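Participant: One structure coming up, written as structure tokens, with questions to follow.
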Number of protein chains: 2
Amino acid sequence: MNQVFRKYCILIICFVISNQCIGQQIRVFESAKCNKDSYFVNVLKPEIQSKAPVVNRIIQFILNSNERNKTYEELAEFVDTFGGRLSGSPALENSTDYLIAKLQNENLDHVYTEDVLVPKWERGTEWAQMVEPRAQRLGILGMAGSASTPKGGLKAEVLVCNSMEELNDISNDKIKDKIVLLNTNRVNGSYIKFKLDGTRMVADGGGVAVMFRSYAKDTVYSPHAGIIRYYSKDTQIPVVSIAAEDSDLLHRLSKRGVKVMVNLHLESTFYGMTRSRNLMADLVGTQYPGESVVVSAHLDSWDVGQGAIDDGAGVFISWRALSLIKKLGLKTKRTLKLILFTGHEMGRFGSKAYVEKHSQNLQNTSVILNSDYGTFRPFGLTLSARNTRAQCIVYEVLQLLHKINATELVVGKSYDLTQSDGNEFMRAGIPASGLLNDNTKHWYYSHTNADTMSAINPYYLDLCSIVWTAASYVLADLTEMLPKD
Amino acid sequence: MNQVFRKYCILIICFVISNQCIGQQIRVFESAKCNKDSYFVNVLKPEIQSKAPVVNRIIQFILNSNERNKTYEELAEFVDTFGGRLSGSPALENSTDYLIAKLQNENLDHVYTEDVLVPKWERGTEWAQMVEPRAQRLGILGMAGSASTPKGGLKAEVLVCNSMEELNDISNDKIKDKIVLLNTNRVNGSYIKFKLDGTRMVADGGGVAVMFRSYAKDTVYSPHAGIIRYYSKDTQIPVVSIAAEDSDLLHRLSKRGVKVMVNLHLESTFYGMTRSRNLMADLVGTQYPGESVVVSAHLDSWDVGQGAIDDGAGVFISWRALSLIKKLGLKTKRTLKLILFTGHEMGRFGSKAYVEKHSQNLQNTSVILNSDYGTFRPFGLTLSARNTRAQCIVYEVLQLLHKINATELVVGKSYDLTQSDGNEFMRAGIPASGLLNDNTKHWYYSHTNADTMSAINPYYLDLCSIVWTAASYVLADLTEMLPKD
């Protein structure tokens, strides 16, 4: 059962998230090869194993003290207070101030921020109504950055395309004056480029708007938020995400030759770039303070839902990792550096800015732990690093977590396993690691109105917190950094 | 795995659907006791077993001919064409006409309707917005039959109660001028009465509106539609269903002592009673035409979603059972009677009217098969009948379905297993049977915007169709009726 579960989980990571990893090597790590590395076996492995008593203290502290459920409760208070924290919004900046105070209160070292320019965009009134062959409200979300419809909306016939190839084969006279529905998630290569190209093709053909089938395969009538970019001013037509169920409906009607007319109303305002902040805090290392293990997540979220799963939970297990280590009176040889990125959902502005600003000393980062893909029941960690010794080290760290059954490592070739702010570090050659957890239902929630505290299990969140805290501690206290690829 | 699945399924049936069956006897039927009944063993069992070749023909016909996927495709065309078919709406009457033509086209005997008065109610514009401590739109659905808010809506503080007992203990001065949230699904006894009593208590205390936590436990930010009745004119305050996630949010805020203010706008119009129709069709029996096996579902649905799962699928496997039997050139000793009830969601008006009108000869009904709780992967049937021989007969019928792994029978004491139009027959002493299927996710969809074709698997629907058709055929062709309790 567990085995089946895990395999399913890995498949999901592979197909749903990356959309790019077919043919690449994402696999469950097998530790046999570690035995061939005598330095690892004789030096590193015993060193990691010697941390078992401390890891057991961490487990006890999180599960059997006042800390139990505290991550959940503090996260709930945070997301209930601020709600969605969209890039450029007062909610994001206020929530950043709130966390600054919280981190200072925990007496973490060097609580500081760095300014980042992020897009400020606001969703206005938006709705879509099928008016032929009958009246039915459609579930949509305007894409961030989309053009608005004319005042009073627009009314047009819908043309359904089930692939980019199909869209490509359609003559412009058929596209002209239509709302084009791209009823597919199956995309070769970048999903962003798919949206960019699809929108240009529709605009060039004289289409009046584009509806993209909601990004995620799994949804329960809840369209997914997303961003749209345009190639040029000429291609700026309104773009929305439509619930998978309604995309199916329009597809079926169209296949039967039924003419479908839709009224679309979309108000979308882009205010330009505005100041936001990455938020950092350290637990300075005792031996190599200039070297670090980064523990990270993103502070901004979508405006729909509460941003509880994406990425409030990641934020809270990350700063709590430092807090819990400090409360336990533990010290690490290397600095533990918390980074809470801004502007992620609008295009990873925070992590890009951080990596650029710190490019001089980024190589002093041993590994970046980045949590942005669920805090459901944890199985272990993912690691985007080719280097076998790096993989062996992380695998051995996970063996300290057998009490909570979170000993599994999944490794990938490069950017496949994080698809988040960790990628910006990966590009600079830094190993990146994420939580391996049962996120089979992640896309029921993430980027939708259903991203709320109700989708989070306090006990599993504590287990994730254990994985995160233990891994942070052991990796930061290791005598050496993870080898780079 | 299968075993675990089934047990889970039975638990779900027990706790989610009935809310009443704790302490009652719902159990997987064990056939050992059938061996003690020599008449069953020597006469009925061999007779049922002799139907194996016909059942195998049914299986082959549905899975390996042009009939494959046809139930899905015809259902899709139906629900796409008419959408939600609310009691009293033109969509319901038009869809009834459409099915009359379809049944006549299949050359079924006696296609006819009987008038039933049903409530005509319409949902108007409705929304709720939390305005303190911050702005957030709340997911609500007005209850059918609710009073409207004053024009322009109402704004009031929210008082959260987590049980009827808690509401009971609160003094009227605290309820006065408040919107009361009843944040619970755990109800002793009737859920309808819970809503009736809760609403009266709030109205009597001077509260201005009631929000009931969305009925189903499982939801992904999609509130469930439902009905509300009032004790008197004095208690007619607006009543809505609120998404479980938002109910949780208001509860958490309130527990922290945060004042929550909500703007509620609800337009709800009750037009009185109007004419609708139960739709019937027969395959007249060769030997006992006056006796029947009823195959049934309800034609009306909620206005949200498409009414695909609830109960379009039930309607289509039911009429298709007669159609498929006729196409196969099969005859049955007893009449197969299709009944498609109207006015179900508003209070089972159709089935109540039918049972009343036909009370004189209702005892000539052997069993009512009623499908109203999912057409997911089928495991077998449920049976609400105490009589052991009746249980043995249905169990033995199911053993003919081992090729599709749908041999399981779950039996209950009385009204626990149908909770639908079959109950009206049960009250008159007729055994009632439903599909036993993997409906663990039923309430993700049913009564919500997510009740669409996208939630239906064509292959599983074919399997349900097999169970329904085979059971209808064998039970109607048996030399005798099911024994009554």
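Chains: A, B, ... in order of the structure tokens. Residues: from 1 per chain. Ligands: from 1, in order shown.
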Which chain B residues are at most 10 Å from chain A (counting only C-alpha atoms), as a PDB file with N, CA and C atoms, in the first residue's frame?

Facilitator:
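Result went into out-v1.pdb, see below:
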```
ATOM      1  N   MET B   1      -6.753  -4.671  -0.642  1.00  0.00           N
ATOM      2  CA  MET B   1      -7.000  -3.318  -1.166  1.00  0.00           C
ATOM      3  C   MET B   1      -8.478  -3.158  -1.473  1.00  0.00           C
ATOM      4  N   GLU B  73     -22.488   8.627 -23.337  1.00  0.00           N
ATOM      5  CA  GLU B  73     -22.657   9.616 -24.415  1.00  0.00           C
ATOM      6  C   GLU B  73     -24.070  10.177 -24.456  1.00  0.00           C
ATOM      7  N   ALA B  76     -24.464  12.469 -21.499  1.00  0.00           N
ATOM      8  CA  ALA B  76     -23.759  13.735 -21.728  1.00  0.00           C
ATOM      9  C   ALA B  76     -24.604  14.656 -22.606  1.00  0.00           C
ATOM     10  N   GLU B  77     -25.152  14.100 -23.670  1.00  0.00           N
ATOM     11  CA  GLU B  77     -25.969  14.926 -24.566  1.00  0.00           C
ATOM     12  C   GLU B  77     -27.175  15.489 -23.797  1.00  0.00           C
ATOM     13  N   VAL B  79     -27.562  16.013 -20.374  1.00  0.00           N
ATOM     14  CA  VAL B  79     -27.277  17.051 -19.364  1.00  0.00           C
ATOM     15  C   VAL B  79     -26.644  18.288 -19.992  1.00  0.00           C
ATOM     16  N   ASP B  80     -25.891  18.103 -21.087  1.00  0.00           N
ATOM     17  CA  ASP B  80     -25.341  19.278 -21.769  1.00  0.00           C
ATOM     18  C   ASP B  80     -26.466  20.109 -22.379  1.00  0.00           C
ATOM     19  N   THR B  81     -27.492  19.413 -22.855  1.00  0.00           N
ATOM     20  CA  THR B  81     -28.600  20.125 -23.505  1.00  0.00           C
ATOM     21  C   THR B  81     -29.458  20.871 -22.496  1.00  0.00           C
ATOM     22  N   PHE B  82     -29.770  20.222 -21.376  1.00  0.00           N
ATOM     23  CA  PHE B  82     -30.731  20.827 -20.444  1.00  0.00           C
ATOM     24  C   PHE B  82     -30.090  21.440 -19.207  1.00  0.00           C
ATOM     25  N   GLY B  83     -28.878  21.027 -18.869  1.00  0.00           N
ATOM     26  CA  GLY B  83     -28.228  21.554 -17.659  1.00  0.00           C
ATOM     27  C   GLY B  83     -28.998  21.140 -16.416  1.00  0.00           C
ATOM     28  N   GLY B  84     -28.876  21.947 -15.370  1.00  0.00           N
ATOM     29  CA  GLY B  84     -29.604  21.675 -14.123  1.00  0.00           C
ATOM     30  C   GLY B  84     -31.104  21.667 -14.382  1.00  0.00           C
ATOM     31  N   ALA B  91     -36.535  23.800 -17.758  1.00  0.00           N
ATOM     32  CA  ALA B  91     -35.521  22.795 -18.107  1.00  0.00           C
ATOM     33  C   ALA B  91     -35.994  21.394 -17.714  1.00  0.00           C
ATOM     34  N   PRO B 133     -12.709  40.874   9.802  1.00  0.00           N
ATOM     35  CA  PRO B 133     -11.569  41.788   9.952  1.00  0.00           C
ATOM     36  C   PRO B 133     -10.934  42.196   8.626  1.00  0.00           C
ATOM     37  N   ARG B 134     -11.301  41.578   7.523  1.00  0.00           N
ATOM     38  CA  ARG B 134     -10.760  41.950   6.212  1.00  0.00           C
ATOM     39  C   ARG B 134     -11.749  41.513   5.162  1.00  0.00           C
ATOM     40  N   ALA B 135     -11.533  41.968   3.946  1.00  0.00           N
ATOM     41  CA  ALA B 135     -12.467  41.641   2.866  1.00  0.00           C
ATOM     42  C   ALA B 135     -12.181  40.253   2.310  1.00  0.00           C
ATOM     43  N   GLN B 136     -13.177  39.428   2.283  1.00  0.00           N
ATOM     44  CA  GLN B 136     -13.060  38.141   1.578  1.00  0.00           C
ATOM     45  C   GLN B 136     -14.434  37.636   1.167  1.00  0.00           C
ATOM     46  N   ARG B 137     -14.554  37.285  -0.099  1.00  0.00           N
ATOM     47  CA  ARG B 137     -15.787  36.702  -0.593  1.00  0.00           C
ATOM     48  C   ARG B 137     -15.968  35.313   0.026  1.00  0.00           C
ATOM     49  N   LEU B 138     -17.170  35.012   0.445  1.00  0.00           N
ATOM     50  CA  LEU B 138     -17.442  33.697   1.031  1.00  0.00           C
ATOM     51  C   LEU B 138     -18.230  32.836   0.048  1.00  0.00           C
ATOM     52  N   GLY B 139     -17.962  31.544   0.054  1.00  0.00           N
ATOM     53  CA  GLY B 139     -18.659  30.613  -0.842  1.00  0.00           C
ATOM     54  C   GLY B 139     -19.999  30.201  -0.233  1.00  0.00           C
ATOM     55  N   THR B 219     -15.731  18.284   0.692  1.00  0.00           N
ATOM     56  CA  THR B 219     -15.994  19.293  -0.319  1.00  0.00           C
ATOM     57  C   THR B 219     -14.668  19.945  -0.648  1.00  0.00           C
ATOM     58  N   VAL B 220     -14.565  20.501  -1.814  1.00  0.00           N
ATOM     59  CA  VAL B 220     -13.392  21.285  -2.154  1.00  0.00           C
ATOM     60  C   VAL B 220     -13.907  22.664  -2.539  1.00  0.00           C
ATOM     61  N   TYR B 221     -14.130  23.484  -1.542  1.00  0.00           N
ATOM     62  CA  TYR B 221     -14.628  24.844  -1.697  1.00  0.00           C
ATOM     63  C   TYR B 221     -15.824  24.932  -2.639  1.00  0.00           C
ATOM     64  N   SER B 222     -16.824  24.136  -2.353  1.00  0.00           N
ATOM     65  CA  SER B 222     -18.020  24.150  -3.181  1.00  0.00           C
ATOM     66  C   SER B 222     -19.217  23.895  -2.271  1.00  0.00           C
ATOM     67  N   ALA B 243     -19.615  27.216   2.362  1.00  0.00           N
ATOM     68  CA  ALA B 243     -18.546  26.245   2.108  1.00  0.00           C
ATOM     69  C   ALA B 243     -17.847  25.872   3.413  1.00  0.00           C
ATOM     70  N   ALA B 244     -17.542  24.583   3.563  1.00  0.00           N
ATOM     71  CA  ALA B 244     -16.912  24.094   4.796  1.00  0.00           C
ATOM     72  C   ALA B 244     -15.659  24.897   5.140  1.00  0.00           C
ATOM     73  N   GLU B 245     -14.881  25.247   4.109  1.00  0.00           N
ATOM     74  CA  GLU B 245     -13.637  25.986   4.334  1.00  0.00           C
ATOM     75  C   GLU B 245     -13.910  27.348   4.972  1.00  0.00           C
ATOM     76  N   ASP B 246     -14.952  28.017   4.488  1.00  0.00           N
ATOM     77  CA  ASP B 246     -15.263  29.339   5.041  1.00  0.00           C
ATOM     78  C   ASP B 246     -15.905  29.223   6.410  1.00  0.00           C
ATOM     79  N   SER B 247     -16.640  28.150   6.617  1.00  0.00           N
ATOM     80  CA  SER B 247     -17.205  27.887   7.944  1.00  0.00           C
ATOM     81  C   SER B 247     -16.055  27.715   8.943  1.00  0.00           C
ATOM     82  N   ASP B 248     -15.048  26.957   8.539  1.00  0.00           N
ATOM     83  CA  ASP B 248     -13.852  26.787   9.376  1.00  0.00           C
ATOM     84  C   ASP B 248     -13.184  28.131   9.670  1.00  0.00           C
ATOM     85  N   LEU B 249     -13.076  28.948   8.633  1.00  0.00           N
ATOM     86  CA  LEU B 249     -12.411  30.254   8.783  1.00  0.00           C
ATOM     87  C   LEU B 249     -13.140  31.111   9.815  1.00  0.00           C
ATOM     88  N   LEU B 250     -14.456  31.244   9.673  1.00  0.00           N
ATOM     89  CA  LEU B 250     -15.216  32.087  10.596  1.00  0.00           C
ATOM     90  C   LEU B 250     -15.140  31.519  12.021  1.00  0.00           C
ATOM     91  N   ARG B 252     -12.610  29.793  13.284  1.00  0.00           N
ATOM     92  CA  ARG B 252     -11.282  30.070  13.854  1.00  0.00           C
ATOM     93  C   ARG B 252     -11.164  31.528  14.293  1.00  0.00           C
ATOM     94  N   LEU B 253     -11.619  32.438  13.439  1.00  0.00           N
ATOM     95  CA  LEU B 253     -11.536  33.858  13.782  1.00  0.00           C
ATOM     96  C   LEU B 253     -12.312  34.124  15.070  1.00  0.00           C
ATOM     97  N   ARG B 256     -10.748  33.054  18.228  1.00  0.00           N
ATOM     98  CA  ARG B 256      -9.663  33.941  18.667  1.00  0.00           C
ATOM     99  C   ARG B 256     -10.190  35.285  19.185  1.00  0.00           C
ATOM    100  N   VAL B 258     -11.885  37.426  17.418  1.00  0.00           N
ATOM    101  CA  VAL B 258     -11.921  38.442  16.361  1.00  0.00           C
ATOM    102  C   VAL B 258     -13.371  38.684  15.954  1.00  0.00           C
ATOM    103  N   ASP B 303     -30.080  23.246  -9.358  1.00  0.00           N
ATOM    104  CA  ASP B 303     -29.786  24.202 -10.439  1.00  0.00           C
ATOM    105  C   ASP B 303     -28.296  24.415 -10.613  1.00  0.00           C
ATOM    106  N   VAL B 304     -27.520  24.148  -9.555  1.00  0.00           N
ATOM    107  CA  VAL B 304     -26.061  24.260  -9.693  1.00  0.00           C
ATOM    108  C   VAL B 304     -25.537  22.966 -10.310  1.00  0.00           C
ATOM    109  N   GLY B 305     -24.471  23.078 -11.078  1.00  0.00           N
ATOM    110  CA  GLY B 305     -23.958  21.899 -11.785  1.00  0.00           C
ATOM    111  C   GLY B 305     -24.911  21.473 -12.893  1.00  0.00           C
ATOM    112  N   GLN B 306     -24.706  20.260 -13.373  1.00  0.00           N
ATOM    113  CA  GLN B 306     -25.493  19.736 -14.490  1.00  0.00           C
ATOM    114  C   GLN B 306     -26.482  18.651 -14.054  1.00  0.00           C
ATOM    115  N   TYR B 444     -18.110  15.247  -3.025  1.00  0.00           N
ATOM    116  CA  TYR B 444     -17.309  16.274  -3.693  1.00  0.00           C
ATOM    117  C   TYR B 444     -18.139  16.911  -4.807  1.00  0.00           C
ATOM    118  N   TYR B 445     -19.079  16.139  -5.338  1.00  0.00           N
ATOM    119  CA  TYR B 445     -19.778  16.551  -6.552  1.00  0.00           C
ATOM    120  C   TYR B 445     -21.257  16.850  -6.326  1.00  0.00           C
ATOM    121  N   THR B 448     -23.528  20.202  -5.940  1.00  0.00           N
ATOM    122  CA  THR B 448     -22.623  21.343  -6.123  1.00  0.00           C
ATOM    123  C   THR B 448     -22.405  21.632  -7.603  1.00  0.00           C
ATOM    124  N   ASN B 449     -21.699  22.732  -7.853  1.00  0.00           N
ATOM    125  CA  ASN B 449     -21.334  23.083  -9.230  1.00  0.00           C
ATOM    126  C   ASN B 449     -20.486  22.015  -9.900  1.00  0.00           C
ATOM    127  N   ALA B 450     -19.882  21.141  -9.098  1.00  0.00           N
ATOM    128  CA  ALA B 450     -18.991  20.125  -9.664  1.00  0.00           C
ATOM    129  C   ALA B 450     -19.742  18.873 -10.108  1.00  0.00           C
ATOM    130  N   ASP B 451     -21.069  18.875 -10.003  1.00  0.00           N
ATOM    131  CA  ASP B 451     -21.840  17.706 -10.468  1.00  0.00           C
ATOM    132  C   ASP B 451     -21.981  17.786 -11.994  1.00  0.00           C
ATOM    133  N   THR B 452     -20.924  17.354 -12.673  1.00  0.00           N
ATOM    134  CA  THR B 452     -20.872  17.438 -14.137  1.00  0.00           C
ATOM    135  C   THR B 452     -20.429  16.101 -14.721  1.00  0.00           C
ATOM    136  N   MET B 453     -20.472  15.998 -16.030  1.00  0.00           N
ATOM    137  CA  MET B 453     -20.029  14.780 -16.714  1.00  0.00           C
ATOM    138  C   MET B 453     -18.562  14.471 -16.433  1.00  0.00           C
ATOM    139  N   SER B 454     -17.778  15.500 -16.141  1.00  0.00           N
ATOM    140  CA  SER B 454     -16.342  15.276 -15.918  1.00  0.00           C
ATOM    141  C   SER B 454     -16.092  14.368 -14.725  1.00  0.00           C
ATOM    142  N   ALA B 455     -17.080  14.236 -13.852  1.00  0.00           N
ATOM    143  CA  ALA B 455     -16.900  13.403 -12.661  1.00  0.00           C
ATOM    144  C   ALA B 455     -17.324  11.960 -12.918  1.00  0.00           C
TER     145      ALA B 455
END
```

Participant: Which residues are close to B:Leu478, i.e. within 8 Å by only C-alpha atoms, leaving aside same-chain residues fewer than 5 positions away? Reply as a PyMOL selection string.

Facilitator: chain B and resi 47-48+333-334

Participant: Write out as an NGL selection string each polymer residue whose atoms come within 9 Å of stretch 458-469 of chain B, counting only C-alpha atoms; drop sequence neighbours fewer than 2 positions from it.

Facilitator: :B and (55 or 58-59 or 62-63 or 67-73 or 295 or 313 or 316-318 or 320-322 or 324-325 or 369 or 371 or 375-381 or 398 or 401 or 404 or 406 or 435 or 437 or 456 or 471-474)

Participant: What lies within 9 Å of A:Ser31 using only C-alpha atoms, ignoring chain neighbours under 5 positions off, as a list of chain:residue names?

Facilitator: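 The contact residues come out as A:Gln391, A:Cys392, A:Tyr395, A:Glu396.
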
Participant: Suppose you want the space between atom CA of A:Gly434 and atom CA of A:Gly412; what is it in Å?

Facilitator: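 About the pair atom CA of A:Gly434 and atom CA of A:Gly412: they are 11.4 Å apart.
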
Participant: Using only C-alpha atoms, pick whichever of B:Ser433, B:Leu299, B:Leu283, B:Ala353 has the shortest atom-to-atom distance to B:Lys337.

Facilitator: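 That would be B:Leu283, the residue with the smallest distance to B:Lys337.
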
Participant: I'd like to know which residues of stretch 144-243 of chain B are strand (DSSP E or B) (by DSSP, run on the backbone); could you write them as JSON, numbers by chain?

Facilitator: {"B": [144, 154, 155, 156, 157, 158, 159, 160, 161, 179, 180, 181, 182, 209, 210, 211, 212, 213, 227, 239, 240, 241, 242]}

Participant: Just want the 9 Å neighbourhood of A:Gly142, counted on only C-alpha atoms, with same-chain residues fewer than 4 positions away dropped. Output as a PyMOL selection string.

Facilitator: chain A and resi 123-124+126-127+146+148+225-227+238-242+266-268

Participant: Print the selection's residues with N, CA and C atoms to a file, as an mmCIF file, in the first residue's frame.

Facilitator:
```cif
data_model
loop_
_atom_site.group_PDB
_atom_site.id
_atom_site.type_symbol
_atom_site.label_atom_id
_atom_site.label_comp_id
_atom_site.auth_asym_id
_atom_site.auth_seq_id
_atom_site.Cartn_x
_atom_site.Cartn_y
_atom_site.Cartn_z
ATOM 1 N N ARG A 123 -7.059 41.779 -9.667
ATOM 2 C CA ARG A 123 -8.231 41.175 -10.299
ATOM 3 C C ARG A 123 -9.429 42.081 -10.061
ATOM 4 N N GLY A 124 -10.191 42.360 -11.102
ATOM 5 C CA GLY A 124 -11.423 43.125 -10.928
ATOM 6 C C GLY A 124 -12.613 42.186 -11.026
ATOM 7 N N GLU A 126 -15.076 39.796 -12.680
ATOM 8 C CA GLU A 126 -14.880 38.919 -13.839
ATOM 9 C C GLU A 126 -15.913 37.818 -13.814
ATOM 10 N N TRP A 127 -16.470 37.532 -14.938
ATOM 11 C CA TRP A 127 -17.405 36.410 -15.040
ATOM 12 C C TRP A 127 -17.548 36.010 -16.501
ATOM 13 N N SER A 146 -3.552 39.818 -17.683
ATOM 14 C CA SER A 146 -4.380 39.802 -18.895
ATOM 15 C C SER A 146 -4.900 41.197 -19.226
ATOM 16 N N SER A 148 -8.042 43.556 -20.173
ATOM 17 C CA SER A 148 -9.460 43.507 -19.813
ATOM 18 C C SER A 148 -10.299 43.350 -21.069
ATOM 19 N N ALA A 225 -5.652 29.821 -10.859
ATOM 20 C CA ALA A 225 -5.053 31.101 -11.214
ATOM 21 C C ALA A 225 -3.734 30.866 -11.936
ATOM 22 N N GLY A 226 -3.351 31.831 -12.752
ATOM 23 C CA GLY A 226 -2.078 31.725 -13.458
ATOM 24 C C GLY A 226 -1.717 33.079 -14.058
ATOM 25 N N ILE A 227 -0.545 33.140 -14.684
ATOM 26 C CA ILE A 227 -0.131 34.406 -15.289
ATOM 27 C C ILE A 227 -0.136 34.297 -16.805
ATOM 28 N N PRO A 238 -7.873 39.480 -24.006
ATOM 29 C CA PRO A 238 -8.168 38.908 -22.687
ATOM 30 C C PRO A 238 -7.909 37.402 -22.642
ATOM 31 N N VAL A 239 -7.331 36.959 -21.529
ATOM 32 C CA VAL A 239 -6.991 35.545 -21.355
ATOM 33 C C VAL A 239 -7.479 35.080 -19.980
ATOM 34 N N VAL A 240 -8.225 33.986 -19.975
ATOM 35 C CA VAL A 240 -8.732 33.455 -18.705
ATOM 36 C C VAL A 240 -8.413 31.968 -18.592
ATOM 37 N N SER A 241 -8.454 31.504 -17.362
ATOM 38 C CA SER A 241 -8.408 30.076 -17.061
ATOM 39 C C SER A 241 -9.859 29.633 -16.845
ATOM 40 N N ILE A 242 -10.219 28.463 -17.378
ATOM 41 C CA ILE A 242 -11.603 27.980 -17.241
ATOM 42 C C ILE A 242 -11.594 26.617 -16.556
ATOM 43 N N LEU A 266 -14.222 40.836 -18.053
ATOM 44 C CA LEU A 266 -12.948 40.704 -17.336
ATOM 45 C C LEU A 266 -12.364 42.085 -17.071
ATOM 46 N N GLU A 267 -12.211 42.394 -15.792
ATOM 47 C CA GLU A 267 -11.491 43.629 -15.417
ATOM 48 C C GLU A 267 -10.184 43.215 -14.784
ATOM 49 N N SER A 268 -9.108 43.721 -15.306
ATOM 50 C CA SER A 268 -7.782 43.285 -14.886
ATOM 51 C C SER A 268 -6.881 44.512 -14.969
#
```

Participant: Identify, on the basis of only C-alpha atoms, every residue whose closest approach to A:Asn263 does not exceed 10 Å; exclude the query and any residue fewer than 3 positions from it along the same chain; express the result as a ChimeraX atom specification.

Facilitator: /A:127-132,137-138,152-158,179

Participant: Can you tell me, as a JSON list (two decimals) with N, CA and C atoms, in the first residue's frame, what residues are no more than 10 Å from B:Phe425 when counting only C-alpha atoms, ignoring any on the same chain fewer than 4 positions away?

Facilitator:
```
[["chain", "number", "residue", "atom", "x", "y", "z"],
["B", 351, "SER", "N", -42.11, 10.81, -5.71],
["B", 351, "SER", "CA", -42.28, 9.45, -5.17],
["B", 351, "SER", "C", -43.42, 9.40, -4.16],
["B", 352, "LYS", "N", -43.58, 10.46, -3.38],
["B", 352, "LYS", "CA", -44.70, 10.49, -2.43],
["B", 352, "LYS", "C", -46.03, 10.43, -3.20],
["B", 354, "TYR", "N", -46.54, 9.25, -6.19],
["B", 354, "TYR", "CA", -46.71, 7.94, -6.84],
["B", 354, "TYR", "C", -47.23, 6.91, -5.85],
["B", 355, "VAL", "N", -46.59, 6.84, -4.70],
["B", 355, "VAL", "CA", -46.96, 5.83, -3.70],
["B", 355, "VAL", "C", -48.39, 6.06, -3.23],
["B", 356, "GLU", "N", -48.78, 7.30, -3.08],
["B", 356, "GLU", "CA", -50.14, 7.62, -2.64],
["B", 356, "GLU", "C", -51.15, 7.20, -3.70],
["B", 359, "SER", "N", -51.40, 3.30, -4.08],
["B", 359, "SER", "CA", -51.34, 2.53, -2.83],
["B", 359, "SER", "C", -52.13, 1.22, -2.93],
["B", 362, "LEU", "N", -49.72, -1.29, -4.80],
["B", 362, "LEU", "CA", -48.27, -1.17, -4.57],
["B", 362, "LEU", "C", -47.67, -2.50, -4.11],
["B", 363, "GLN", "N", -48.49, -3.29, -3.41],
["B", 363, "GLN", "CA", -47.98, -4.56, -2.90],
["B", 363, "GLN", "C", -47.63, -5.54, -4.02],
["B", 365, "THR", "N", -45.58, -4.80, -6.15],
["B", 365, "THR", "CA", -44.18, -4.50, -6.49],
["B", 365, "THR", "C", -43.27, -5.47, -5.75],
["B", 367, "VAL", "N", -39.83, -5.40, -5.83],
["B", 367, "VAL", "CA", -38.70, -4.64, -5.27],
["B", 367, "VAL", "C", -38.57, -3.36, -6.09],
["B", 368, "ILE", "N", -38.11, -2.30, -5.44],
["B", 368, "ILE", "CA", -37.78, -1.09, -6.20],
["B", 368, "ILE", "C", -36.26, -0.93, -6.22],
["B", 415, "TYR", "N", -34.55, 2.22, 6.47],
["B", 415, "TYR", "CA", -34.43, 3.29, 5.47],
["B", 415, "TYR", "C", -32.99, 3.73, 5.26],
["B", 420, "SER", "N", -33.67, 7.87, -0.35],
["B", 420, "SER", "CA", -34.08, 8.53, -1.58],
["B", 420, "SER", "C", -35.53, 8.14, -1.84],
["B", 421, "ASP", "N", -35.93, 8.19, -3.11],
["B", 421, "ASP", "CA", -37.33, 7.90, -3.42],
["B", 421, "ASP", "C", -37.72, 6.48, -3.05],
["B", 429, "GLY", "N", -43.65, -0.98, 2.80],
["B", 429, "GLY", "CA", -43.28, -2.38, 2.97],
["B", 429, "GLY", "C", -42.62, -3.04, 1.78],
["B", 430, "ILE", "N", -42.24, -2.25, 0.80],
["B", 430, "ILE", "CA", -41.60, -2.82, -0.40],
["B", 430, "ILE", "C", -40.08, -2.83, -0.22],
["B", 431, "PRO", "N", -39.42, -3.95, -0.49],
["B", 431, "PRO", "CA", -37.95, -3.95, -0.42],
["B", 431, "PRO", "C", -37.37, -2.95, -1.43],
["B", 432, "ALA", "N", -36.32, -2.26, -1.00],
["B", 432, "ALA", "CA", -35.68, -1.28, -1.88],
["B", 432, "ALA", "C", -34.20, -1.57, -2.00]]
```

Participant: When distances are computed from only C-alpha atoms, which of A:Phe341, A:Phe270, A:Trp319, A:Phe349 shows the smallest separation from A:Asp300?

Facilitator: A:Phe341
